[in-house]
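For reference, structure-v5.csv is printed below; it contains CSV, C-alpha atoms.
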chain,number,residue,atom,x,y,z
A,4,MET,CA,0.0,0.0,0.0
A,5,THR,CA,1.3,3.5,-0.9
A,6,ARG,CA,0.7,6.7,0.9
A,7,ALA,CA,0.5,10.2,-0.5
A,8,ASP,CA,3.2,12.6,0.7
A,9,GLY,CA,2.1,15.6,2.7
A,10,GLU,CA,-1.7,14.8,2.6
A,11,PRO,CA,-3.4,15.5,5.9
A,12,GLY,CA,-5.6,12.8,7.5
A,13,GLY,CA,-9.3,13.3,7.5
A,14,SER,CA,-9.4,14.7,4.0
A,15,PRO,CA,-12.1,13.6,1.6
A,16,TYR,CA,-11.3,10.8,-0.9
A,17,VAL,CA,-9.4,11.9,-4.0
A,18,LEU,CA,-10.0,10.0,-7.2
A,19,TYR,CA,-7.4,10.2,-9.9
A,20,GLY,CA,-8.1,9.0,-13.4
A,21,VAL,CA,-9.6,10.0,-16.8
A,22,GLU,CA,-13.1,9.9,-18.3
A,23,ALA,CA,-12.0,7.4,-20.9
A,24,SER,CA,-11.1,4.8,-18.3
A,25,PRO,CA,-14.0,2.5,-17.6
A,26,TYR,CA,-12.6,1.5,-14.2
A,27,THR,CA,-12.3,5.2,-13.2
A,28,VAL,CA,-15.9,6.1,-14.0
A,29,LYS,CA,-17.0,2.8,-12.3
A,30,LEU,CA,-15.3,3.9,-9.1
A,31,ARG,CA,-16.5,7.5,-9.4
A,32,ALA,CA,-20.1,6.2,-9.8
A,33,ALA,CA,-19.7,4.1,-6.6
A,34,LEU,CA,-18.4,7.1,-4.6
A,35,ARG,CA,-21.4,9.1,-5.9
A,36,TYR,CA,-23.9,6.4,-5.1
A,37,ARG,CA,-22.5,6.0,-1.6
A,38,ARG,CA,-22.6,9.8,-1.1
A,39,LEU,CA,-19.0,9.9,0.0
A,40,PRO,CA,-17.2,13.2,-0.2
A,41,TYR,CA,-14.4,13.1,-2.8
A,42,ARG,CA,-12.4,15.3,-5.1
A,43,TRP,CA,-12.1,14.3,-8.8
A,44,VAL,CA,-8.7,14.9,-10.4
A,45,CYS,CA,-8.8,14.3,-14.1
A,46,ARG,CA,-5.2,13.1,-14.8
A,47,PHE,CA,-3.7,10.2,-16.8
A,48,VAL,CA,-2.0,8.5,-13.8
A,49,GLN,CA,0.9,7.2,-15.8
A,50,MET,CA,1.8,10.8,-16.8
A,51,TYR,CA,1.1,12.5,-13.5
A,52,GLU,CA,4.3,13.2,-11.6
A,53,PRO,CA,2.8,13.2,-8.1
A,54,LEU,CA,1.6,9.6,-8.6
A,55,ALA,CA,4.9,8.4,-10.3
A,56,HIS,CA,5.7,6.3,-7.2
A,57,VAL,CA,2.4,4.4,-7.2
A,58,ARG,CA,2.6,0.7,-8.1
A,59,PRO,CA,1.1,-0.7,-10.2
A,60,GLN,CA,0.7,2.2,-12.5
A,61,LEU,CA,-3.0,1.6,-13.2
A,62,MET,CA,-6.2,3.8,-13.3
A,63,PRO,CA,-7.9,4.7,-11.2
A,64,VAL,CA,-5.9,5.6,-8.1
A,65,LEU,CA,-8.0,6.4,-5.0
A,66,GLN,CA,-6.5,8.3,-2.2
A,67,PHE,CA,-8.2,7.4,1.1
A,68,PRO,CA,-8.8,10.1,3.8
A,69,ASP,CA,-5.8,8.9,5.7
A,70,GLY,CA,-3.5,9.4,2.7
A,71,GLU,CA,-3.3,5.8,1.6
A,72,LEU,CA,-3.3,5.3,-2.2
A,73,ARG,CA,-5.0,2.3,-3.7
A,74,THR,CA,-5.5,0.9,-7.2
A,75,ASP,CA,-7.8,-1.8,-8.6
A,76,SER,CA,-11.5,-0.9,-8.5
A,77,THR,CA,-12.8,-4.3,-7.3
A,78,PRO,CA,-11.0,-4.5,-4.0
A,79,ILE,CA,-11.5,-0.8,-3.5
A,80,LEU,CA,-15.2,-1.3,-3.7
A,81,ASP,CA,-15.0,-4.1,-1.1
A,82,GLU,CA,-13.0,-1.8,1.2
A,83,LEU,CA,-15.6,1.0,0.8
A,84,ASP,CA,-18.2,-1.6,1.8
A,85,GLU,CA,-16.3,-2.6,4.9
A,86,ARG,CA,-15.6,1.0,5.9
A,87,HIS,CA,-19.0,2.6,5.3
A,88,GLY,CA,-21.5,-0.2,6.2
A,89,PRO,CA,-24.5,-1.8,4.5
A,90,ASP,CA,-26.9,1.2,4.1
A,91,ARG,CA,-25.8,1.9,0.6
A,92,SER,CA,-23.8,-1.3,0.0
A,93,LEU,CA,-23.3,-2.4,-3.6
A,94,LEU,CA,-23.4,-6.1,-2.6
A,95,PRO,CA,-26.8,-7.9,-2.6
A,96,GLU,CA,-27.8,-9.4,0.7
A,97,ARG,CA,-28.5,-13.0,-0.4
A,98,PRO,CA,-25.4,-15.2,-0.9
A,99,ARG,CA,-26.5,-16.4,-4.3
A,100,ASP,CA,-27.2,-12.9,-5.6
A,101,ARG,CA,-24.0,-11.5,-4.0
A,102,PHE,CA,-21.9,-14.1,-5.9
A,103,LEU,CA,-23.8,-13.5,-9.1
A,104,ALA,CA,-23.1,-9.7,-8.7
A,105,ARG,CA,-19.4,-10.4,-8.3
A,106,LEU,CA,-19.3,-12.8,-11.2
A,107,ILE,CA,-21.0,-10.3,-13.5
A,108,GLU,CA,-18.8,-7.5,-12.2
A,109,ASP,CA,-15.7,-9.6,-13.1
A,110,MET,CA,-17.1,-10.5,-16.5
A,111,ALA,CA,-17.6,-6.8,-17.3
A,112,ASP,CA,-14.2,-5.8,-16.0
A,113,GLU,CA,-12.2,-8.6,-17.8
A,114,TRP,CA,-14.3,-9.7,-20.8
A,115,LEU,CA,-16.5,-6.8,-21.8
A,116,THR,CA,-13.4,-4.6,-21.7
A,117,LYS,CA,-12.0,-6.8,-24.6
A,118,CYS,CA,-15.1,-5.8,-26.6
A,119,LEU,CA,-14.3,-2.2,-25.8
A,120,TYR,CA,-10.7,-2.6,-26.9
A,121,HIS,CA,-11.8,-4.4,-30.1
A,122,TYR,CA,-14.2,-1.6,-31.1
A,123,ARG,CA,-11.9,1.2,-30.0
A,124,PHE,CA,-9.0,0.1,-32.1
A,125,GLY,CA,-10.9,-1.9,-34.8
A,126,THR,CA,-11.3,1.0,-37.3
A,127,MET,CA,-9.2,4.2,-37.8
A,128,LYS,CA,-12.3,6.3,-37.2
A,129,ASP,CA,-12.7,4.8,-33.7
A,130,ALA,CA,-9.0,4.7,-32.9
A,131,GLU,CA,-8.4,8.3,-33.8
A,132,PHE,CA,-11.4,9.5,-31.9
A,133,ALA,CA,-10.2,7.5,-28.8
A,134,ALA,CA,-6.7,8.8,-29.2
A,135,ARG,CA,-7.8,12.5,-29.3
A,136,TRP,CA,-10.0,11.9,-26.2
A,137,VAL,CA,-7.3,10.1,-24.2
A,138,MET,CA,-4.5,12.5,-25.1
A,139,ASP,CA,-6.7,15.5,-24.3
A,140,ASP,CA,-7.2,14.2,-20.8
A,141,ALA,CA,-3.6,12.9,-20.5
A,142,ARG,CA,-1.7,15.9,-21.6
A,143,GLY,CA,-3.5,19.2,-20.9
A,144,ASP,CA,-0.2,21.0,-21.5
A,145,LEU,CA,-0.1,20.2,-25.2
A,146,SER,CA,-0.7,22.8,-27.8
A,147,ALA,CA,-3.2,22.1,-30.5
A,148,ALA,CA,-0.4,21.1,-33.0
A,149,ASP,CA,1.3,18.9,-30.5
A,150,HIS,CA,-1.9,17.3,-29.5
A,151,ALA,CA,-2.6,16.5,-33.1
A,152,ALA,CA,0.9,15.1,-33.5
A,153,SER,CA,0.4,12.8,-30.5
A,154,VAL,CA,-2.5,11.0,-32.0
A,155,PRO,CA,-0.8,8.8,-34.7
A,156,PRO,CA,1.8,7.2,-32.4
A,157,PHE,CA,-0.8,6.5,-29.8
A,158,VAL,CA,-3.0,4.8,-32.3
A,159,GLU,CA,-0.1,2.8,-33.7
A,160,ARG,CA,1.0,1.7,-30.3
A,161,GLN,CA,-2.5,0.6,-29.2
A,162,ILE,CA,-3.3,-1.3,-32.4
A,163,GLY,CA,0.1,-3.0,-32.0
A,164,ARG,CA,-0.9,-4.2,-28.5
A,165,LYS,CA,-4.0,-6.2,-29.5
A,166,GLU,CA,-2.4,-9.6,-29.1
A,167,GLN,CA,-0.7,-8.5,-25.9
A,168,VAL,CA,-3.9,-7.4,-24.2
A,169,GLY,CA,-5.9,-10.5,-25.4
A,170,CYS,CA,-7.8,-8.9,-28.3
A,171,PRO,CA,-6.6,-10.8,-31.4
A,172,PRO,CA,-8.2,-9.6,-34.6
A,173,GLU,CA,-9.5,-13.1,-35.4
A,174,ALA,CA,-11.7,-12.9,-32.3
A,175,ALA,CA,-13.6,-9.8,-33.7
A,176,ALA,CA,-16.8,-11.8,-34.3
A,177,LEU,CA,-16.7,-13.2,-30.8
A,178,PHE,CA,-16.3,-9.8,-29.2
A,179,GLU,CA,-19.1,-8.2,-31.3
A,180,ALA,CA,-21.4,-11.1,-30.4
A,181,SER,CA,-20.5,-10.7,-26.7
A,182,TYR,CA,-21.3,-7.0,-26.8
A,183,LEU,CA,-24.7,-7.7,-28.4
A,184,ARG,CA,-25.5,-10.3,-25.7
A,185,VAL,CA,-24.8,-7.8,-23.0
A,186,LEU,CA,-27.0,-5.1,-24.6
A,187,ASP,CA,-29.8,-7.6,-25.2
A,188,ALA,CA,-29.7,-8.8,-21.6
A,189,LEU,CA,-29.8,-5.3,-20.1
A,190,GLU,CA,-32.5,-4.1,-22.5
A,191,SER,CA,-34.9,-6.6,-21.0
A,192,THR,CA,-34.6,-5.1,-17.5
A,193,VAL,CA,-33.0,-1.7,-17.0
A,194,ALA,CA,-35.0,1.4,-16.8
A,195,ASN,CA,-35.2,4.5,-14.6
A,196,GLY,CA,-34.8,3.1,-11.1
A,197,ARG,CA,-34.4,-0.5,-12.3
A,198,PHE,CA,-31.1,-2.4,-11.9
A,199,LEU,CA,-30.0,-6.1,-12.1
A,200,PHE,CA,-30.9,-7.0,-8.5
A,201,GLY,CA,-33.8,-4.6,-7.8
A,202,THR,CA,-34.2,-0.9,-7.4
A,203,ARG,CA,-30.7,-0.2,-6.2
A,204,PRO,CA,-27.4,-0.7,-8.0
A,205,SER,CA,-24.9,-3.5,-7.4
A,206,VAL,CA,-21.2,-3.9,-8.2
A,207,ALA,CA,-22.3,-5.7,-11.3
A,208,ASP,CA,-24.4,-2.7,-12.5
A,209,LEU,CA,-21.5,-0.3,-12.0
A,210,ALA,CA,-19.0,-2.5,-13.7
A,211,LEU,CA,-21.2,-2.8,-16.7
A,212,PHE,CA,-21.8,0.9,-16.6
A,213,GLY,CA,-18.1,1.6,-16.6
A,214,GLN,CA,-17.5,-0.3,-19.8
A,215,LEU,CA,-20.7,0.7,-21.5
A,216,LYS,CA,-20.1,4.4,-20.8
A,217,THR,CA,-17.0,4.3,-23.0
A,218,LEU,CA,-18.6,2.0,-25.6
A,219,GLY,CA,-21.5,4.4,-25.7
A,220,ILE,CA,-19.2,7.3,-26.6
A,221,ASP,CA,-16.8,5.7,-29.1
A,222,PRO,CA,-18.4,6.1,-32.5
A,223,THR,CA,-19.1,2.5,-33.8
A,224,PRO,CA,-20.3,0.8,-30.5
A,225,MET,CA,-22.3,4.0,-29.7
A,226,ALA,CA,-24.2,3.6,-32.9
A,227,VAL,CA,-24.8,-0.1,-32.2
A,228,MET,CA,-26.1,0.7,-28.7
A,229,ARG,CA,-28.4,3.5,-29.7
A,230,ALA,CA,-29.9,1.3,-32.5
A,231,ARG,CA,-30.2,-2.0,-30.6
A,232,ALA,CA,-30.6,-1.0,-27.0
A,233,PRO,CA,-32.0,2.6,-26.6
A,234,ARG,CA,-33.2,2.1,-23.0
A,235,THR,CA,-29.8,0.7,-22.0
A,236,ASP,CA,-28.2,3.8,-23.7
A,237,ALA,CA,-30.4,6.1,-21.5
A,238,TRP,CA,-29.7,3.9,-18.4
A,239,VAL,CA,-26.0,4.2,-18.9
A,240,ARG,CA,-26.2,8.0,-18.9
A,241,ARG,CA,-28.2,8.0,-15.7
A,242,ALA,CA,-25.9,5.5,-13.9
A,243,ASP,CA,-23.1,8.1,-13.9
A,244,ASP,CA,-24.6,9.7,-10.8
A,245,LEU,CA,-27.0,7.5,-8.7
A,246,SER,CA,-26.7,9.6,-5.5
A,247,GLY,CA,-30.4,10.2,-5.6
A,248,VAL,CA,-31.4,6.6,-5.8
A,249,ASP,CA,-32.9,4.8,-2.8
A,250,GLY,CA,-34.1,1.3,-3.5
A,251,GLU,CA,-34.4,-2.3,-2.4
A,252,TRP,CA,-32.9,-5.7,-3.3
A,253,GLU,CA,-35.3,-7.8,-5.2
A,254,GLU,CA,-35.4,-11.2,-7.0
A,255,PRO,CA,-33.2,-10.7,-10.1
A,256,GLY,CA,-34.9,-10.7,-13.4
A,257,PRO,CA,-34.1,-11.9,-17.0
A,258,ALA,CA,-31.0,-9.8,-17.4
A,259,VAL,CA,-29.2,-11.7,-14.6
A,260,ALA,CA,-30.3,-15.0,-16.1
A,261,ALA,CA,-29.0,-14.0,-19.5
A,262,LEU,CA,-25.7,-12.7,-18.2
A,263,LEU,CA,-25.3,-15.9,-16.1
A,264,GLU,CA,-25.8,-18.0,-19.2
A,265,MET,CA,-23.1,-15.9,-20.9
A,266,ALA,CA,-20.8,-16.5,-18.0
A,267,ARG,CA,-21.4,-20.2,-18.2
A,268,GLU,CA,-20.8,-20.4,-22.0
A,269,LEU,CA,-18.0,-17.8,-22.4
A,270,TYR,CA,-16.5,-16.3,-19.3
A,271,TRP,CA,-16.1,-19.2,-16.9
A,272,PRO,CA,-14.5,-21.5,-19.5
A,273,PHE,CA,-12.2,-18.6,-20.5
A,274,LEU,CA,-11.1,-18.0,-16.9
A,275,LYS,CA,-10.5,-21.7,-16.3
A,276,ALA,CA,-8.4,-22.0,-19.4
A,277,ASN,CA,-6.4,-18.9,-18.5
A,278,ALA,CA,-5.8,-20.3,-15.0
A,279,ALA,CA,-4.1,-23.3,-16.6
A,280,GLY,CA,-1.8,-21.3,-18.9
A,281,ASN,CA,-1.9,-19.8,-22.4
A,282,VAL,CA,-5.5,-19.8,-23.7
A,283,ASP,CA,-6.5,-21.7,-26.9
A,284,ILE,CA,-10.2,-22.5,-26.6
A,285,VAL,CA,-13.4,-22.5,-28.6
A,286,LEU,CA,-16.1,-20.2,-27.1
A,287,ALA,CA,-19.6,-20.2,-28.6
A,288,GLY,CA,-18.2,-21.6,-31.9
A,289,HIS,CA,-15.3,-19.1,-32.1
A,290,ARG,CA,-11.6,-19.9,-31.5
A,291,PHE,CA,-10.0,-17.6,-28.9
A,292,ARG,CA,-6.4,-17.4,-28.0
A,293,GLN,CA,-4.4,-15.2,-25.7
A,294,PRO,CA,-1.3,-15.4,-23.5
A,295,HIS,CA,-1.7,-16.3,-19.9
A,296,PHE,CA,-2.8,-13.3,-17.8
A,297,ARG,CA,-1.8,-13.5,-14.1
A,298,TYR,CA,-4.4,-11.0,-13.0
A,299,GLN,CA,-7.2,-13.0,-14.7
A,300,ALA,CA,-5.9,-16.1,-13.0
A,301,LYS,CA,-6.3,-14.3,-9.7
A,302,CYS,CA,-9.9,-13.4,-10.7
A,303,TYR,CA,-10.6,-17.0,-11.3
A,304,ASP,CA,-9.1,-18.0,-7.9
A,305,ARG,CA,-11.1,-15.4,-6.1
A,306,LEU,CA,-14.4,-16.3,-7.8
A,307,ALA,CA,-13.8,-20.1,-7.4
A,308,LYS,CA,-13.3,-19.6,-3.6
A,309,LEU,CA,-16.5,-17.6,-3.4
A,310,HIS,CA,-18.3,-20.2,-5.4
A,311,ALA,CA,-17.0,-23.0,-3.2
A,312,ALA,CA,-18.3,-21.3,-0.1
A,313,LEU,CA,-21.9,-21.3,-1.3
A,314,GLU,CA,-24.3,-24.0,-0.2
A,315,PRO,CA,-24.3,-27.0,-2.6
A,316,GLU,CA,-27.9,-26.4,-3.8
A,317,VAL,CA,-26.9,-22.8,-4.6
A,318,ARG,CA,-23.9,-23.9,-6.6
A,319,GLU,CA,-26.1,-26.4,-8.5
A,320,GLU,CA,-28.6,-23.7,-9.3
A,321,ILE,CA,-25.8,-21.4,-10.6
A,322,GLY,CA,-24.5,-24.1,-12.8
A,323,LEU,CA,-20.8,-23.3,-13.2
A,324,GLU,CA,-18.6,-26.2,-14.0
Give the structure from this file in structure tokens form.
Amino acid sequence: MTRADGEPGGSPYVLYGVEASPYTVKLRAALRYRRLPYRWVCRFVQMYEPLAHVRPQLMPVLQFPDGELRTDSTPILDELDERHGPDRSLLPERPRDRFLARLIEDMADEWLTKCLYHYRFGTMKDAEFAARWVMDDARGDLSAADHAASVPPFVERQIGRKEQVGCPPEAAALFEASYLRVLDALESTVANGRFLFGTRPSVADLALFGQLKTLGIDPTPMAVMRARAPRTDAWVRRADDLSGVDGEWEEPGPAVAALLEMARELYWPFLKANAAGNVDIVLAGHRFRQPHFRYQAKCYDRLAKLHAALEPEVREEIGLE
């Protein structure tokens, strides 16, 4: 754990990140929903000198009131839950629903983000749009000419990283089908004041929001969302600030059933394959390959332990193998 130099204790939370980061806006939405005082500092963490000592160099970075600096949105949300109690918790009360919320959160964070990367760097129109957006947040000191000059190398670098980040071009059809499945699932449920597990948001809702907020701004996936899932498109915009929402946990509806089916068919087999080493697997009729990711192996280990702790009949109902 890292601490900030010279920050007094008792200050509000400070969130460092950029709008183009799905994990940053996910965490910001959680702070807003929980009505926690915070300061928002729009900086590209990797280029912000005061955070140069933070490891790993990931977005977002959240500075806690005591000066501690933390990365990784999932454990940060768990920590906020422990510190601030159940009143506005993002974890459903029932063990089954709590596990499903964590599973869907993880699938959004680790699989839907592949869909985001695919669309973002799948065409030059999308890639250049994203590069201008990211560099505008990252380097506010650049002149207009220098900003324009920064776009081509950013695009070239990110396109060149497709294999490295687990987004091989041959998986394009798989990623696009996955995106449509998520949109179709949510369109069956979400509305003003409606979420996956009732009338209050969960970690799953906010993780999906984080990815979909960016997908709903980048040109190509934005057009897909607005044409195929207009209520979801509106829901995503509302989910940016849910501080006014007061709701209850309820029996999950068809969206959770559809997302669980997607996890059974795609995400759980992918996580298991990655835990064993390099991935070379057929998912929903599509061959998918990527190098072994240590972080995603940790995701599988965490979820597998949570799954094992459930009652046998609950595990049977969930149906993960």
**Message:** For a quick check of understanding, using all atoms listed in the file, which of A:Leu39, A:Val248, A:Ile220, A:Ala287 has the smallest distance to Phe67 in chain A?
**Reply:** A:Leu39
**Item:** Polymer residues at most 10 Å from Ala32 in chain A, only C-alpha atoms, same-chain spacing of 5 or more positions, as a PyMOL selection string
**Value:** chain A and resi 26-27+37-38+209-210+212-213+242-246
**9 Å contact set for Pro171 in chain A, all atoms listed in the file, chain neighbours under 2 positions out, as JSON, numbers by chain** = {"A": [121, 165, 166, 167, 168, 169, 173, 174, 175, 291, 292, 293]}
With all atoms of range 258-276 of chain A from the file as input, state the centre and edge lengths in Å to one decimal of the axis-aligned box that has 6 Å extra on each side, as JSON.
{"center_x": -19.7, "center_y": -15.9, "center_z": -18.5, "size_x": 34.6, "size_y": 24.2, "size_z": 19.8}
**Request:** Using all atoms listed in the file, determine which residues lie at most 10 Å from range 296-306 of chain A, disregarding the query and same-chain residues fewer than 3 positions distant; provide the list as a ChimeraX atom specification.
**Result:** /A:102-103,105-106,109-110,113-114,167-169,270-271,273-282,293,309-312
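The shell of residues at most 12 Å from Arg97 in chain A, with only C-alpha atoms counted and near chain neighbours (fewer than 2 positions) removed, consists of Leu94, Pro95, Arg99, Asp100, Arg101, Phe102, Leu103, Ala104, Phe200, Trp252, Glu253, Glu254, Pro255, Leu313, Glu314 and Val317 of chain A.
Non-sequential neighbours of range 147-152 of chain A (distance at most 12 Å, separation of 4 or more positions within a chain, only C-alpha atoms) are Glu131, Phe132, Ala134, Arg135, Trp136, Val137, Met138, Asp139, Asp140, Ala141, Arg142, Gly143, Pro156, Phe157 and Val158 of chain A.
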Please save C-alpha atoms of the selected residues as a PDB file, in the frame of the given file.
ATOM      1  CA  GLU A 131      -8.400   8.300 -33.800  1.00  0.00           C
ATOM      2  CA  PHE A 132     -11.400   9.500 -31.900  1.00  0.00           C
ATOM      3  CA  ALA A 134      -6.700   8.800 -29.200  1.00  0.00           C
ATOM      4  CA  ARG A 135      -7.800  12.500 -29.300  1.00  0.00           C
ATOM      5  CA  TRP A 136     -10.000  11.900 -26.200  1.00  0.00           C
ATOM      6  CA  VAL A 137      -7.300  10.100 -24.200  1.00  0.00           C
ATOM      7  CA  MET A 138      -4.500  12.500 -25.100  1.00  0.00           C
ATOM      8  CA  ASP A 139      -6.700  15.500 -24.300  1.00  0.00           C
ATOM      9  CA  ASP A 140      -7.200  14.200 -20.800  1.00  0.00           C
ATOM     10  CA  ALA A 141      -3.600  12.900 -20.500  1.00  0.00           C
ATOM     11  CA  ARG A 142      -1.700  15.900 -21.600  1.00  0.00           C
ATOM     12  CA  GLY A 143      -3.500  19.200 -20.900  1.00  0.00           C
ATOM     13  CA  PRO A 156       1.800   7.200 -32.400  1.00  0.00           C
ATOM     14  CA  PHE A 157      -0.800   6.500 -29.800  1.00  0.00           C
ATOM     15  CA  VAL A 158      -3.000   4.800 -32.300  1.00  0.00           C
TER      16      VAL A 158
END
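Minimum atom-to-atom distances from A:Lys128, A:Arg231, A:Arg241, A:Lys216 to Val28 in chain A were compared using only C-alpha atoms, and the lowest value belongs to A:Lys216.
Taking CA of Ala232 in chain A and CA of Asp187 in chain A as endpoints, the distance between them is 6.9 Å.
Distance-wise, CA of Leu189 in chain A and CA of Arg229 in chain A end up 13.1 Å apart.
The space between CA of Ala237 in chain A and CA of Leu18 in chain A spans 25.2 Å.
Each of A:Leu119, A:Leu145, A:Met225, A:Leu80 was compared to Glu179 in chain A using all atoms listed in the file, and A:Leu119 turns out to be the nearest.
Comparing A:Ile79, A:Ile321, A:Val57, A:Ala23 by their smallest distance to Leu263 in chain A, the closest is A:Ile321 (using all atoms listed in the file).
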**Request:** Tell me which of A:Val44, A:Arg184, A:Lys117, A:Leu30 sits closest to Leu83 in chain A, counting only C-alpha atoms.
**Result:** A:Leu30
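Nearest residue to Asp84 in chain A among A:Val206, A:Cys170, A:Asp144, A:Ser153 is A:Val206, counting all atoms listed in the file.
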